$ cat structure_29.cif   # mmCIF, C-alpha atoms and all ligand atoms
data_upload
loop_
_atom_site.group_PDB
_atom_site.id
_atom_site.type_symbol
_atom_site.label_atom_id
_atom_site.label_comp_id
_atom_site.auth_asym_id
_atom_site.auth_seq_id
_atom_site.Cartn_x
_atom_site.Cartn_y
_atom_site.Cartn_z
ATOM 1 C CA MET A 1 17.663 -3.789 -36.225
ATOM 2 C CA PRO A 2 15.203 -6.009 -38.103
ATOM 3 C CA HIS A 3 16.282 -7.277 -41.497
ATOM 4 C CA LYS A 4 13.700 -6.648 -44.192
ATOM 5 C CA ILE A 5 13.137 -9.445 -46.675
ATOM 6 C CA LYS A 6 11.673 -8.650 -50.058
ATOM 7 C CA ALA A 7 10.754 -11.274 -52.638
ATOM 8 C CA ASP A 8 10.059 -9.858 -56.054
ATOM 9 C CA LYS A 9 8.264 -12.042 -58.606
ATOM 10 C CA VAL A 10 10.256 -15.158 -57.771
ATOM 11 C CA SER A 11 9.752 -18.018 -60.212
ATOM 12 C CA LEU A 12 11.566 -21.321 -60.243
ATOM 13 C CA GLN A 13 11.644 -24.128 -62.759
ATOM 14 C CA PHE A 14 13.270 -27.521 -62.318
ATOM 15 C CA GLN A 15 13.817 -28.995 -65.780
ATOM 16 C CA ASN A 16 10.399 -28.301 -67.289
ATOM 17 C CA LYS A 17 8.511 -28.262 -64.034
ATOM 18 C CA GLN A 18 7.216 -24.915 -62.800
ATOM 19 C CA VAL A 19 7.764 -25.069 -59.038
ATOM 20 C CA LEU A 20 7.290 -21.417 -58.012
ATOM 21 C CA THR A 21 5.336 -18.806 -59.951
ATOM 22 C CA ASN A 22 5.716 -15.068 -59.481
ATOM 23 C CA ILE A 23 6.000 -15.046 -55.716
ATOM 24 C CA SER A 24 6.227 -11.614 -54.118
ATOM 25 C CA PHE A 25 6.101 -10.677 -50.441
ATOM 26 C CA GLU A 26 7.718 -8.427 -47.896
ATOM 27 C CA LEU A 27 8.618 -9.388 -44.339
ATOM 28 C CA GLU A 28 9.461 -6.517 -42.041
ATOM 29 C CA GLY A 29 11.292 -8.835 -39.635
ATOM 30 C CA GLU A 30 11.594 -9.661 -35.927
ATOM 31 C CA LYS A 31 8.479 -11.799 -36.007
ATOM 32 C CA ILE A 32 7.688 -15.479 -36.131
ATOM 33 C CA TYR A 33 6.302 -16.283 -39.567
ATOM 34 C CA GLY A 34 4.474 -19.461 -40.545
ATOM 35 C CA LEU A 35 4.949 -20.656 -44.102
ATOM 36 C CA LEU A 36 2.128 -23.078 -44.812
ATOM 37 C CA GLY A 37 1.566 -25.266 -47.836
ATOM 38 C CA ARG A 38 0.499 -28.792 -48.627
ATOM 39 C CA ASN A 39 3.005 -31.480 -49.638
ATOM 40 C CA GLY A 40 4.784 -30.371 -52.777
ATOM 41 C CA ALA A 41 3.388 -26.808 -52.630
ATOM 42 C CA GLY A 42 6.879 -25.345 -52.911
ATOM 43 C CA LYS A 43 7.812 -24.446 -49.322
ATOM 44 C CA THR A 44 11.302 -25.968 -49.425
ATOM 45 C CA SER A 45 11.903 -24.509 -52.877
ATOM 46 C CA LEU A 46 10.938 -21.007 -51.762
ATOM 47 C CA LEU A 47 13.019 -21.230 -48.595
ATOM 48 C CA SER A 48 15.972 -22.566 -50.601
ATOM 49 C CA VAL A 49 15.796 -19.468 -52.785
ATOM 50 C CA LEU A 50 15.584 -17.262 -49.689
ATOM 51 C CA ALA A 51 18.591 -19.001 -48.126
ATOM 52 C CA ALA A 52 20.506 -18.608 -51.413
ATOM 53 C CA PHE A 53 20.835 -22.382 -51.888
ATOM 54 C CA VAL A 54 19.059 -22.119 -55.236
ATOM 55 C CA LYS A 55 19.026 -19.370 -57.854
ATOM 56 C CA PRO A 56 15.528 -18.440 -59.002
ATOM 57 C CA THR A 57 14.772 -18.807 -62.713
ATOM 58 C CA SER A 58 13.501 -15.237 -62.617
ATOM 59 C CA GLY A 59 12.822 -12.622 -59.941
ATOM 60 C CA SER A 60 14.883 -12.157 -56.809
ATOM 61 C CA ILE A 61 14.960 -12.106 -53.047
ATOM 62 C CA ALA A 62 16.762 -9.336 -51.217
ATOM 63 C CA VAL A 63 17.575 -8.727 -47.563
ATOM 64 C CA ASP A 64 17.770 -5.034 -46.717
ATOM 65 C CA GLY A 65 18.003 -4.336 -50.437
ATOM 66 C CA GLU A 66 20.894 -6.748 -51.079
ATOM 67 C CA HIS A 67 20.251 -9.752 -53.286
ATOM 68 C CA VAL A 68 20.877 -12.971 -51.411
ATOM 69 C CA PHE A 69 22.259 -15.153 -54.161
ATOM 70 C CA GLU A 70 26.050 -15.543 -54.040
ATOM 71 C CA ASN A 71 26.242 -12.774 -51.461
ATOM 72 C CA ALA A 72 28.396 -13.960 -48.553
ATOM 73 C CA ASN A 73 27.449 -10.992 -46.327
ATOM 74 C CA VAL A 74 23.777 -11.790 -46.518
ATOM 75 C CA MET A 75 24.224 -15.560 -46.394
ATOM 76 C CA GLU A 76 26.008 -15.245 -43.053
ATOM 77 C CA GLN A 77 22.815 -13.699 -41.657
ATOM 78 C CA ILE A 78 20.667 -16.685 -42.626
ATOM 79 C CA VAL A 79 20.520 -20.175 -41.165
ATOM 80 C CA PHE A 80 18.407 -22.708 -43.036
ATOM 81 C CA ILE A 81 17.562 -25.828 -41.041
ATOM 82 C CA ARG A 82 16.090 -28.833 -42.832
ATOM 83 C CA ASP A 83 15.345 -32.239 -41.465
ATOM 84 C CA VAL A 84 17.920 -34.013 -43.613
ATOM 85 C CA LYS A 85 19.510 -37.306 -42.684
ATOM 86 C CA MET A 86 23.147 -37.101 -41.586
ATOM 87 C CA ASP A 87 24.223 -40.564 -42.653
ATOM 88 C CA ASP A 88 27.587 -39.410 -43.960
ATOM 89 C CA GLU A 89 28.601 -37.207 -41.030
ATOM 90 C CA ASN A 90 31.536 -38.380 -38.955
ATOM 91 C CA GLY A 91 32.215 -37.127 -35.449
ATOM 92 C CA LYS A 92 30.027 -36.494 -32.442
ATOM 93 C CA ALA A 93 27.433 -33.784 -31.848
ATOM 94 C CA LYS A 94 29.632 -31.281 -29.999
ATOM 95 C CA LYS A 95 32.409 -31.424 -32.570
ATOM 96 C CA TYR A 96 29.858 -31.145 -35.363
ATOM 97 C CA MET A 97 28.449 -28.008 -33.743
ATOM 98 C CA LYS A 98 31.876 -26.523 -33.088
ATOM 99 C CA ASP A 99 32.845 -26.970 -36.739
ATOM 100 C CA LEU A 100 29.637 -25.288 -37.900
ATOM 101 C CA SER A 101 29.826 -22.471 -35.374
ATOM 102 C CA ILE A 102 32.917 -21.083 -37.154
ATOM 103 C CA PHE A 103 30.557 -19.808 -39.848
ATOM 104 C CA ARG A 104 28.019 -18.434 -37.365
ATOM 105 C CA PRO A 105 29.265 -15.300 -35.616
ATOM 106 C CA ASN A 106 26.424 -15.307 -33.027
ATOM 107 C CA PHE A 107 26.630 -19.028 -32.187
ATOM 108 C CA ASP A 108 26.042 -19.477 -28.454
ATOM 109 C CA MET A 109 27.780 -22.686 -27.334
ATOM 110 C CA ASP A 110 26.447 -22.405 -23.748
ATOM 111 C CA TYR A 111 22.912 -22.275 -25.060
ATOM 112 C CA ALA A 112 23.667 -25.242 -27.356
ATOM 113 C CA GLU A 113 24.881 -27.199 -24.303
ATOM 114 C CA ARG A 114 21.676 -26.380 -22.409
ATOM 115 C CA LEU A 115 19.627 -27.530 -25.392
ATOM 116 C CA ILE A 116 21.632 -30.765 -25.594
ATOM 117 C CA GLN A 117 20.566 -31.409 -21.987
ATOM 118 C CA ARG A 118 16.928 -30.522 -22.655
ATOM 119 C CA PHE A 119 16.660 -32.738 -25.723
ATOM 120 C CA LYS A 120 18.734 -35.447 -24.003
ATOM 121 C CA LEU A 121 20.936 -35.627 -27.064
ATOM 122 C CA PRO A 122 23.585 -38.344 -26.706
ATOM 123 C CA THR A 123 27.010 -36.746 -26.992
ATOM 124 C CA ASP A 124 29.009 -39.956 -27.114
ATOM 125 C CA THR A 125 27.401 -41.274 -30.314
ATOM 126 C CA GLU A 126 28.527 -40.488 -33.865
ATOM 127 C CA VAL A 127 26.100 -38.030 -35.502
ATOM 128 C CA SER A 128 25.418 -40.524 -38.305
ATOM 129 C CA LYS A 129 24.375 -43.134 -35.740
ATOM 130 C CA LEU A 130 21.878 -40.908 -33.903
ATOM 131 C CA SER A 131 18.212 -41.862 -34.222
ATOM 132 C CA ARG A 132 16.100 -39.848 -36.648
ATOM 133 C CA GLY A 133 14.492 -37.886 -33.800
ATOM 134 C CA MET A 134 17.875 -37.117 -32.273
ATOM 135 C CA GLN A 135 19.219 -35.942 -35.634
ATOM 136 C CA SER A 136 16.176 -33.640 -35.855
ATOM 137 C CA ALA A 137 16.951 -32.358 -32.358
ATOM 138 C CA LEU A 138 20.553 -31.707 -33.385
ATOM 139 C CA HIS A 139 19.372 -29.690 -36.393
ATOM 140 C CA ALA A 140 17.000 -27.736 -34.143
ATOM 141 C CA ILE A 141 19.765 -27.021 -31.609
ATOM 142 C CA ILE A 142 22.036 -25.698 -34.350
ATOM 143 C CA GLY A 143 19.221 -23.504 -35.719
ATOM 144 C CA LEU A 144 18.425 -22.045 -32.326
ATOM 145 C CA ALA A 145 21.964 -21.622 -30.986
ATOM 146 C CA SER A 146 23.181 -20.007 -34.231
ATOM 147 C CA ARG A 147 21.033 -16.957 -33.304
ATOM 148 C CA CYS A 148 21.069 -15.851 -36.928
ATOM 149 C CA PRO A 149 19.036 -12.700 -37.663
ATOM 150 C CA ILE A 150 17.090 -14.783 -40.189
ATOM 151 C CA THR A 151 16.403 -18.268 -38.876
ATOM 152 C CA ILE A 152 14.539 -20.712 -41.089
ATOM 153 C CA PHE A 153 13.210 -24.068 -39.906
ATOM 154 C CA ASP A 154 11.902 -26.073 -42.831
ATOM 155 C CA GLU A 155 9.732 -28.764 -41.221
ATOM 156 C CA ALA A 156 12.688 -29.288 -38.937
ATOM 157 C CA TYR A 157 10.608 -30.983 -36.251
ATOM 158 C CA LEU A 158 9.279 -33.860 -38.394
ATOM 159 C CA GLY A 159 11.418 -36.607 -36.903
ATOM 160 C CA MET A 160 10.799 -35.549 -33.300
ATOM 161 C CA ASP A 161 8.298 -37.197 -30.979
ATOM 162 C CA ALA A 162 5.600 -35.094 -29.285
ATOM 163 C CA PRO A 163 7.564 -34.223 -26.094
ATOM 164 C CA ALA A 164 10.602 -33.189 -28.175
ATOM 165 C CA ARG A 165 8.395 -31.017 -30.416
ATOM 166 C CA GLU A 166 6.989 -29.351 -27.287
ATOM 167 C CA ILE A 167 10.535 -28.524 -26.172
ATOM 168 C CA PHE A 168 11.323 -27.178 -29.642
ATOM 169 C CA TYR A 169 8.248 -24.882 -29.717
ATOM 170 C CA GLU A 170 8.967 -23.656 -26.193
ATOM 171 C CA GLU A 171 12.602 -22.916 -26.988
ATOM 172 C CA VAL A 172 11.698 -21.094 -30.218
ATOM 173 C CA LEU A 173 9.277 -18.841 -28.317
ATOM 174 C CA ASN A 174 11.534 -18.230 -25.312
ATOM 175 C CA ASP A 175 14.651 -17.595 -27.356
ATOM 176 C CA PHE A 176 12.728 -15.329 -29.722
ATOM 177 C CA MET A 177 11.586 -13.240 -26.711
ATOM 178 C CA GLU A 178 15.145 -12.910 -25.439
ATOM 179 C CA HIS A 179 16.781 -12.485 -28.842
ATOM 180 C CA PRO A 180 14.169 -11.123 -31.258
ATOM 181 C CA ARG A 181 14.916 -12.085 -34.842
ATOM 182 C CA THR A 182 13.114 -13.208 -37.955
ATOM 183 C CA ILE A 183 12.047 -16.810 -37.569
ATOM 184 C CA ILE A 184 10.338 -18.618 -40.420
ATOM 185 C CA LEU A 185 8.741 -21.980 -39.646
ATOM 186 C CA SER A 186 7.438 -23.989 -42.567
ATOM 187 C CA THR A 187 4.886 -26.670 -41.921
ATOM 188 C CA HIS A 188 1.908 -28.573 -43.195
ATOM 189 C CA LEU A 189 1.058 -29.680 -39.642
ATOM 190 C CA ILE A 190 -0.519 -26.511 -38.411
ATOM 191 C CA SER A 191 -2.578 -27.253 -35.332
ATOM 192 C CA GLU A 192 0.419 -27.669 -33.002
ATOM 193 C CA MET A 193 2.181 -24.546 -34.170
ATOM 194 C CA GLU A 194 -0.442 -22.028 -35.151
ATOM 195 C CA SER A 195 -0.409 -20.111 -31.867
ATOM 196 C CA MET A 196 3.263 -19.255 -32.468
ATOM 197 C CA PHE A 197 2.749 -17.395 -35.735
ATOM 198 C CA GLU A 198 2.387 -13.641 -35.905
ATOM 199 C CA GLU A 199 2.085 -13.635 -39.680
ATOM 200 C CA VAL A 200 1.154 -16.435 -42.004
ATOM 201 C CA LEU A 201 2.101 -17.048 -45.626
ATOM 202 C CA ILE A 202 0.259 -19.763 -47.513
ATOM 203 C CA ILE A 203 1.536 -21.180 -50.776
ATOM 204 C CA ASP A 204 -0.409 -23.518 -52.966
ATOM 205 C CA GLN A 205 0.888 -25.141 -56.145
ATOM 206 C CA GLY A 206 3.837 -22.770 -56.280
ATOM 207 C CA GLN A 207 1.813 -19.588 -55.827
ATOM 208 C CA MET A 208 1.423 -17.305 -52.826
ATOM 209 C CA ILE A 209 -2.286 -17.337 -52.065
ATOM 210 C CA MET A 210 -2.264 -15.553 -48.721
ATOM 211 C CA HIS A 211 0.019 -13.350 -46.631
ATOM 212 C CA GLU A 212 -1.777 -12.076 -43.591
ATOM 213 C CA ASP A 213 -1.549 -11.293 -39.942
ATOM 214 C CA ALA A 214 -2.469 -14.506 -38.059
ATOM 215 C CA GLU A 215 -5.138 -12.715 -35.984
ATOM 216 C CA THR A 216 -6.804 -11.321 -39.096
ATOM 217 C CA LEU A 217 -6.854 -14.799 -40.615
ATOM 218 C CA ARG A 218 -8.473 -16.307 -37.541
ATOM 219 C CA ASP A 219 -11.080 -13.530 -37.674
ATOM 220 C CA SER A 220 -11.990 -14.451 -41.246
ATOM 221 C CA GLY A 221 -14.226 -17.266 -40.059
ATOM 222 C CA VAL A 222 -16.430 -18.200 -37.115
ATOM 223 C CA SER A 223 -17.077 -21.398 -35.193
ATOM 224 C CA VAL A 224 -20.642 -22.001 -34.096
ATOM 225 C CA THR A 225 -21.523 -24.485 -31.349
ATOM 226 C CA GLY A 226 -24.932 -25.458 -30.009
ATOM 227 C CA ALA A 227 -27.837 -27.849 -30.341
ATOM 228 C CA VAL A 228 -27.761 -29.673 -33.686
ATOM 229 C CA GLU A 229 -31.065 -28.250 -35.012
ATOM 230 C CA GLN A 230 -30.241 -24.687 -33.979
ATOM 231 C CA VAL A 231 -26.766 -24.819 -35.550
ATOM 232 C CA ASP A 232 -28.229 -26.281 -38.758
ATOM 233 C CA LEU A 233 -30.795 -23.509 -38.878
ATOM 234 C CA PHE A 234 -28.150 -20.832 -38.343
ATOM 235 C CA VAL A 235 -25.529 -22.071 -40.838
ATOM 236 C CA ASN A 236 -28.026 -22.832 -43.585
ATOM 237 C CA GLY A 237 -26.895 -20.969 -46.725
ATOM 238 C CA LYS A 238 -23.536 -19.980 -45.205
ATOM 239 C CA HIS A 239 -20.113 -21.113 -46.410
ATOM 240 C CA ILE A 240 -19.442 -24.149 -44.188
ATOM 241 C CA LEU A 241 -15.812 -25.265 -43.744
ATOM 242 C CA LYS A 242 -16.428 -28.152 -41.382
ATOM 243 C CA GLU A 243 -19.189 -29.772 -39.330
ATOM 244 C CA GLN A 244 -18.838 -32.109 -36.385
ATOM 245 C CA VAL A 245 -21.580 -33.669 -34.231
ATOM 246 C CA LEU A 246 -21.040 -35.001 -30.729
ATOM 247 C CA GLY A 247 -24.227 -36.330 -29.135
ATOM 248 C CA GLY A 248 -26.818 -33.575 -29.405
ATOM 249 C CA THR A 249 -24.189 -30.856 -29.903
ATOM 250 C CA LYS A 250 -22.852 -29.638 -33.191
ATOM 251 C CA LEU A 251 -19.814 -27.571 -34.079
ATOM 252 C CA ALA A 252 -19.789 -25.866 -37.458
ATOM 253 C CA MET A 253 -17.048 -23.672 -38.850
ATOM 254 C CA ILE A 254 -18.073 -21.071 -41.364
ATOM 255 C CA TYR A 255 -16.025 -18.848 -43.633
ATOM 256 C CA GLY A 256 -16.699 -15.107 -43.605
ATOM 257 C CA GLN A 257 -17.695 -12.648 -40.897
ATOM 258 C CA LEU A 258 -21.099 -12.299 -39.272
ATOM 259 C CA SER A 259 -23.240 -9.170 -39.387
ATOM 260 C CA GLU A 260 -24.574 -7.613 -36.146
ATOM 261 C CA GLN A 261 -27.960 -9.047 -37.010
ATOM 262 C CA GLU A 262 -26.524 -12.565 -37.448
ATOM 263 C CA ILE A 263 -24.734 -12.297 -34.092
ATOM 264 C CA GLU A 264 -28.079 -11.388 -32.456
ATOM 265 C CA GLU A 265 -29.715 -14.325 -34.235
ATOM 266 C CA ALA A 266 -27.023 -16.669 -32.896
ATOM 267 C CA LYS A 267 -27.615 -15.369 -29.364
ATOM 268 C CA ALA A 268 -31.349 -15.957 -29.714
ATOM 269 C CA LEU A 269 -30.617 -19.551 -30.793
ATOM 270 C CA LYS A 270 -28.330 -19.973 -27.740
ATOM 271 C CA LEU A 271 -25.316 -20.651 -29.942
ATOM 272 C CA THR A 272 -21.731 -20.065 -28.869
ATOM 273 C CA LEU A 273 -19.548 -18.212 -31.347
ATOM 274 C CA GLY A 274 -15.769 -18.444 -31.433
ATOM 275 C CA PRO A 275 -12.766 -18.099 -33.706
ATOM 276 C CA ILE A 276 -11.825 -20.743 -36.258
ATOM 277 C CA THR A 277 -8.467 -22.426 -36.361
ATOM 278 C CA LEU A 278 -5.801 -21.649 -38.942
ATOM 279 C CA GLN A 279 -5.772 -25.352 -39.719
ATOM 280 C CA GLU A 280 -9.412 -25.291 -40.867
ATOM 281 C CA LEU A 281 -8.845 -22.194 -42.916
ATOM 282 C CA PHE A 282 -5.711 -23.663 -44.464
ATOM 283 C CA ILE A 283 -7.509 -26.877 -45.433
ATOM 284 C CA HIS A 284 -10.267 -24.822 -47.013
ATOM 285 C CA LEU A 285 -7.957 -22.489 -48.922
ATOM 286 C CA THR A 286 -5.791 -25.265 -50.310
ATOM 287 C CA LYS A 287 -8.551 -27.762 -51.133
ATOM 288 C CA GLU A 288 -8.362 -29.065 -54.701
ATOM 289 C CA ASP A 289 -12.044 -28.474 -55.397
ATOM 290 C CA LYS A 290 -12.277 -25.052 -53.739
ATOM 291 C CA GLN A 291 -14.570 -22.571 -55.466
HETATM 292 N N1 LIG B 1 15.472 -30.926 -57.593
HETATM 293 C C1 LIG B 1 14.228 -31.015 -58.070
HETATM 294 N N2 LIG B 1 14.000 -31.406 -59.347
HETATM 295 C C2 LIG B 1 12.746 -31.474 -59.851
HETATM 296 N N3 LIG B 1 11.627 -31.158 -59.148
HETATM 297 C C3 LIG B 1 11.790 -30.776 -57.882
HETATM 298 C C4 LIG B 1 13.083 -30.683 -57.261
HETATM 299 N N4 LIG B 1 12.911 -30.254 -55.987
HETATM 300 C C5 LIG B 1 11.582 -30.110 -55.814
HETATM 301 N N5 LIG B 1 10.910 -30.422 -56.944
HETATM 302 C C6 LIG B 1 9.454 -30.352 -57.128
HETATM 303 O O1 LIG B 1 9.028 -29.073 -56.743
HETATM 304 C C7 LIG B 1 7.737 -29.128 -56.133
HETATM 305 C C8 LIG B 1 7.797 -28.406 -54.803
HETATM 306 O O2 LIG B 1 8.609 -29.157 -53.915
HETATM 307 P P1 LIG B 1 8.988 -28.624 -52.463
HETATM 308 O O3 LIG B 1 9.900 -29.641 -51.854
HETATM 309 O O4 LIG B 1 9.462 -27.235 -52.560
HETATM 310 O O5 LIG B 1 7.564 -28.661 -51.746
HETATM 311 P P2 LIG B 1 7.203 -28.610 -50.187
HETATM 312 O O6 LIG B 1 6.049 -27.655 -50.058
HETATM 313 O O7 LIG B 1 8.410 -28.304 -49.388
HETATM 314 O O8 LIG B 1 6.696 -30.091 -49.934
HETATM 315 P P3 LIG B 1 6.717 -31.046 -48.614
HETATM 316 O O9 LIG B 1 5.767 -30.472 -47.610
HETATM 317 O O10 LIG B 1 6.215 -32.342 -49.154
HETATM 318 O O11 LIG B 1 8.137 -31.104 -48.129
HETATM 319 C C9 LIG B 1 7.382 -30.597 -56.028
HETATM 320 O O12 LIG B 1 6.498 -30.908 -57.066
HETATM 321 C C10 LIG B 1 8.702 -31.303 -56.212
HETATM 322 O O13 LIG B 1 8.513 -32.548 -56.833
#
$ encode --input "structure_29.cif" --output "structure tokens"
Amino acid sequence: MPHKIKADKVSLQFQNKQVLTNISFELEGEKIYGLLGRNGAGKTSLLSVLAAFVKPTSGSIAVDGEHVFENANVMEQIVFIRDVKMDDENGKAKKYMKDLSIFRPNFDMDYAERLIQRFKLPTDTEVSKLSRGMQSALHAIIGLASRCPITIFDEAYLGMDAPAREIFYEEVLNDFMEHPRTIILSTHLISEMESMFEEVLIIDQGQMIMHEDAETLRDSGVSVTGAVEQVDLFVNGKHILKEQVLGGTKLAMIYGQLSEQEIEEAKALKLTLGPITLQELFIHLTKEDKQ
């Protein structure tokens, strides 16, 4: 059964710094959610409140109606994976996992072993001596193999190289299909991951500015490709997110939907219309000088 998450007016202050302001949202669960925000937007802070690592200054987060903070029952349901260095950890990867698995009732050691093979994680090296990318892989393996109903990866892939990130994305998708659960992936590097998200939450300067179905978000803008002059003619007066010229061809991304008449106009100008990327939309929505 999916676990419902409800955040109710969550605010967080560190000393005098307002880090989160009145954040409310509901997640119905068993989906892959993308939490997007620029550096310092408050992603880690929000996820730390959700994982009960930090008590909000005001407001609360509840899972199935139970507040998370200092609630062992709920905390057992949540795994929060961050890309932190493990410089002080003694012991090797398998022992490290075994020790952690005691607190994770669904931990699947066979799956962890398969992931160790896939990521080529050295098992004869002390955890603290693993390279940064291998420490990231170890975090990812623990997050996946824990099979927690609420699985949070907070930029967990940052230390990995491109092939390792590919493995991570593939494993998240495959394991989610086989064991549906709530997976929250926070990132500011969107282009690689955007196809994974079913719903997207965007925070900017500590505030939730968007919570939307990923498809709906992609439909909120249009890409227009064609001959430079024709594209210029068509996008004139529209809200342009990005323009790019390659030889005689131009790609423009515009914000907002087109009317039937505009679609006909585009056809007449021999323009190709397509969806925009979440990345473009994100950059637009979180730009400092946005209107
Ligand atoms: N312990 C702390 N004490 C004071 N300020 C903090 C603390 N932790 C975070 N902050 C501040 O809170 C704000 C949000 O930080 P947070 O790490 O949540 O952002 P983020 O979106 O995860 O950023 P990034 O993508 O760079 O990791 C930042 O301005 C940060 O400096």
$ residues_around --input "structure_29.cif" --residues "stretch 164-175 of chain A" --least-positions-apart "3" --cutoff "12 Å" --atoms "all atoms listed in the file" --output "VMD selection string"
chain A and resid 31 to 33 108 111 to 112 114 to 121 133 to 148 151 to 153 155 to 161 178 to 185 189 192 to 198
$ atom_distance --input "structure_29.cif" --atom1 "atom CA of A:Met210" --atom2 "atom CA of A:Asn71"
28.8 Å
$ residues_near_ligand --input "structure_29.cif" --ligand "ligand LIG 1 (chain B)" --cutoff "9 Å" --atoms "all atoms listed in the file" --output "PyMOL selection string"
chain A and resi 12-20+36-48+154-155+186-188+203-206
$ write_last_selection --input "structure_29.cif" --atoms "C-alpha atoms" --output "PDB file, keeping the file's coordinate frame"
ATOM      1  CA  LEU A  12      11.566 -21.321 -60.243  1.00  0.00           C
ATOM      2  CA  GLN A  13      11.644 -24.128 -62.759  1.00  0.00           C
ATOM      3  CA  PHE A  14      13.270 -27.521 -62.318  1.00  0.00           C
ATOM      4  CA  GLN A  15      13.817 -28.995 -65.780  1.00  0.00           C
ATOM      5  CA  ASN A  16      10.399 -28.301 -67.289  1.00  0.00           C
ATOM      6  CA  LYS A  17       8.511 -28.262 -64.034  1.00  0.00           C
ATOM      7  CA  GLN A  18       7.216 -24.915 -62.800  1.00  0.00           C
ATOM      8  CA  VAL A  19       7.764 -25.069 -59.038  1.00  0.00           C
ATOM      9  CA  LEU A  20       7.290 -21.417 -58.012  1.00  0.00           C
ATOM     10  CA  LEU A  36       2.128 -23.078 -44.812  1.00  0.00           C
ATOM     11  CA  GLY A  37       1.566 -25.266 -47.836  1.00  0.00           C
ATOM     12  CA  ARG A  38       0.499 -28.792 -48.627  1.00  0.00           C
ATOM     13  CA  ASN A  39       3.005 -31.480 -49.638  1.00  0.00           C
ATOM     14  CA  GLY A  40       4.784 -30.371 -52.777  1.00  0.00           C
ATOM     15  CA  ALA A  41       3.388 -26.808 -52.630  1.00  0.00           C
ATOM     16  CA  GLY A  42       6.879 -25.345 -52.911  1.00  0.00           C
ATOM     17  CA  LYS A  43       7.812 -24.446 -49.322  1.00  0.00           C
ATOM     18  CA  THR A  44      11.302 -25.968 -49.425  1.00  0.00           C
ATOM     19  CA  SER A  45      11.903 -24.509 -52.877  1.00  0.00           C
ATOM     20  CA  LEU A  46      10.938 -21.007 -51.762  1.00  0.00           C
ATOM     21  CA  LEU A  47      13.019 -21.230 -48.595  1.00  0.00           C
ATOM     22  CA  SER A  48      15.972 -22.566 -50.601  1.00  0.00           C
ATOM     23  CA  ASP A 154      11.902 -26.073 -42.831  1.00  0.00           C
ATOM     24  CA  GLU A 155       9.732 -28.764 -41.221  1.00  0.00           C
ATOM     25  CA  SER A 186       7.438 -23.989 -42.567  1.00  0.00           C
ATOM     26  CA  THR A 187       4.886 -26.670 -41.921  1.00  0.00           C
ATOM     27  CA  HIS A 188       1.908 -28.573 -43.195  1.00  0.00           C
ATOM     28  CA  ILE A 203       1.536 -21.180 -50.776  1.00  0.00           C
ATOM     29  CA  ASP A 204      -0.409 -23.518 -52.966  1.00  0.00           C
ATOM     30  CA  GLN A 205       0.888 -25.141 -56.145  1.00  0.00           C
ATOM     31  CA  GLY A 206       3.837 -22.770 -56.280  1.00  0.00           C
TER      32      GLY A 206
END
$ resolve_selection --input "structure_29.cif" --expression "the PyMOL selection byres (((chain A and resi 51-55) around 8) and not hetatm)" --output "PDB file with C-alpha atoms, in the coordinates of the input"
ATOM      1  CA  SER A  45      11.903 -24.509 -52.877  1.00  0.00           C
ATOM      2  CA  LEU A  47      13.019 -21.230 -48.595  1.00  0.00           C
ATOM      3  CA  SER A  48      15.972 -22.566 -50.601  1.00  0.00           C
ATOM      4  CA  VAL A  49      15.796 -19.468 -52.785  1.00  0.00           C
ATOM      5  CA  LEU A  50      15.584 -17.262 -49.689  1.00  0.00           C
ATOM      6  CA  PRO A  56      15.528 -18.440 -59.002  1.00  0.00           C
ATOM      7  CA  THR A  57      14.772 -18.807 -62.713  1.00  0.00           C
ATOM      8  CA  VAL A  68      20.877 -12.971 -51.411  1.00  0.00           C
ATOM      9  CA  PHE A  69      22.259 -15.153 -54.161  1.00  0.00           C
ATOM     10  CA  GLU A  70      26.050 -15.543 -54.040  1.00  0.00           C
ATOM     11  CA  MET A  75      24.224 -15.560 -46.394  1.00  0.00           C
ATOM     12  CA  ILE A  78      20.667 -16.685 -42.626  1.00  0.00           C
ATOM     13  CA  VAL A  79      20.520 -20.175 -41.165  1.00  0.00           C
ATOM     14  CA  PHE A  80      18.407 -22.708 -43.036  1.00  0.00           C
TER      15      PHE A  80
END
$ closest_atom_pairs --input "structure_29.cif" --of "stretch 34-118 of chain A" --to "stretch 24-27 of chain A" --cutoff "10 Å" --atoms "all atoms listed in the file" --output "tab-separated table"
residue	atom	partner	partner_atom	distance
A:Gly59	CA	A:Ser24	CA	8.9
A:Ser60	CA	A:Ser24	CA	9.1
A:Ile61	CA	A:Ser24	CA	8.8
A:Ala62	CA	A:Glu26	CA	9.7
A:Val63	CA	A:Leu27	CA	9.5
$ resolve_selection --input "structure_29.cif" --expression "the PyMOL selection byres (((chain A and resi 245) around 12) and not hetatm)" --output "tab-separated table (two decimals) with C-alpha atoms, keeping the file's coordinate frame"
chain	number	residue	atom	x	y	z
A	224	VAL	CA	-20.64	-22.00	-34.10
A	225	THR	CA	-21.52	-24.48	-31.35
A	226	GLY	CA	-24.93	-25.46	-30.01
A	227	ALA	CA	-27.84	-27.85	-30.34
A	228	VAL	CA	-27.76	-29.67	-33.69
A	229	GLU	CA	-31.06	-28.25	-35.01
A	231	VAL	CA	-26.77	-24.82	-35.55
A	232	ASP	CA	-28.23	-26.28	-38.76
A	242	LYS	CA	-16.43	-28.15	-41.38
A	243	GLU	CA	-19.19	-29.77	-39.33
A	244	GLN	CA	-18.84	-32.11	-36.38
A	246	LEU	CA	-21.04	-35.00	-30.73
A	247	GLY	CA	-24.23	-36.33	-29.14
A	248	GLY	CA	-26.82	-33.58	-29.40
A	249	THR	CA	-24.19	-30.86	-29.90
A	250	LYS	CA	-22.85	-29.64	-33.19
A	251	LEU	CA	-19.81	-27.57	-34.08
A	252	ALA	CA	-19.79	-25.87	-37.46
A	253	MET	CA	-17.05	-23.67	-38.85
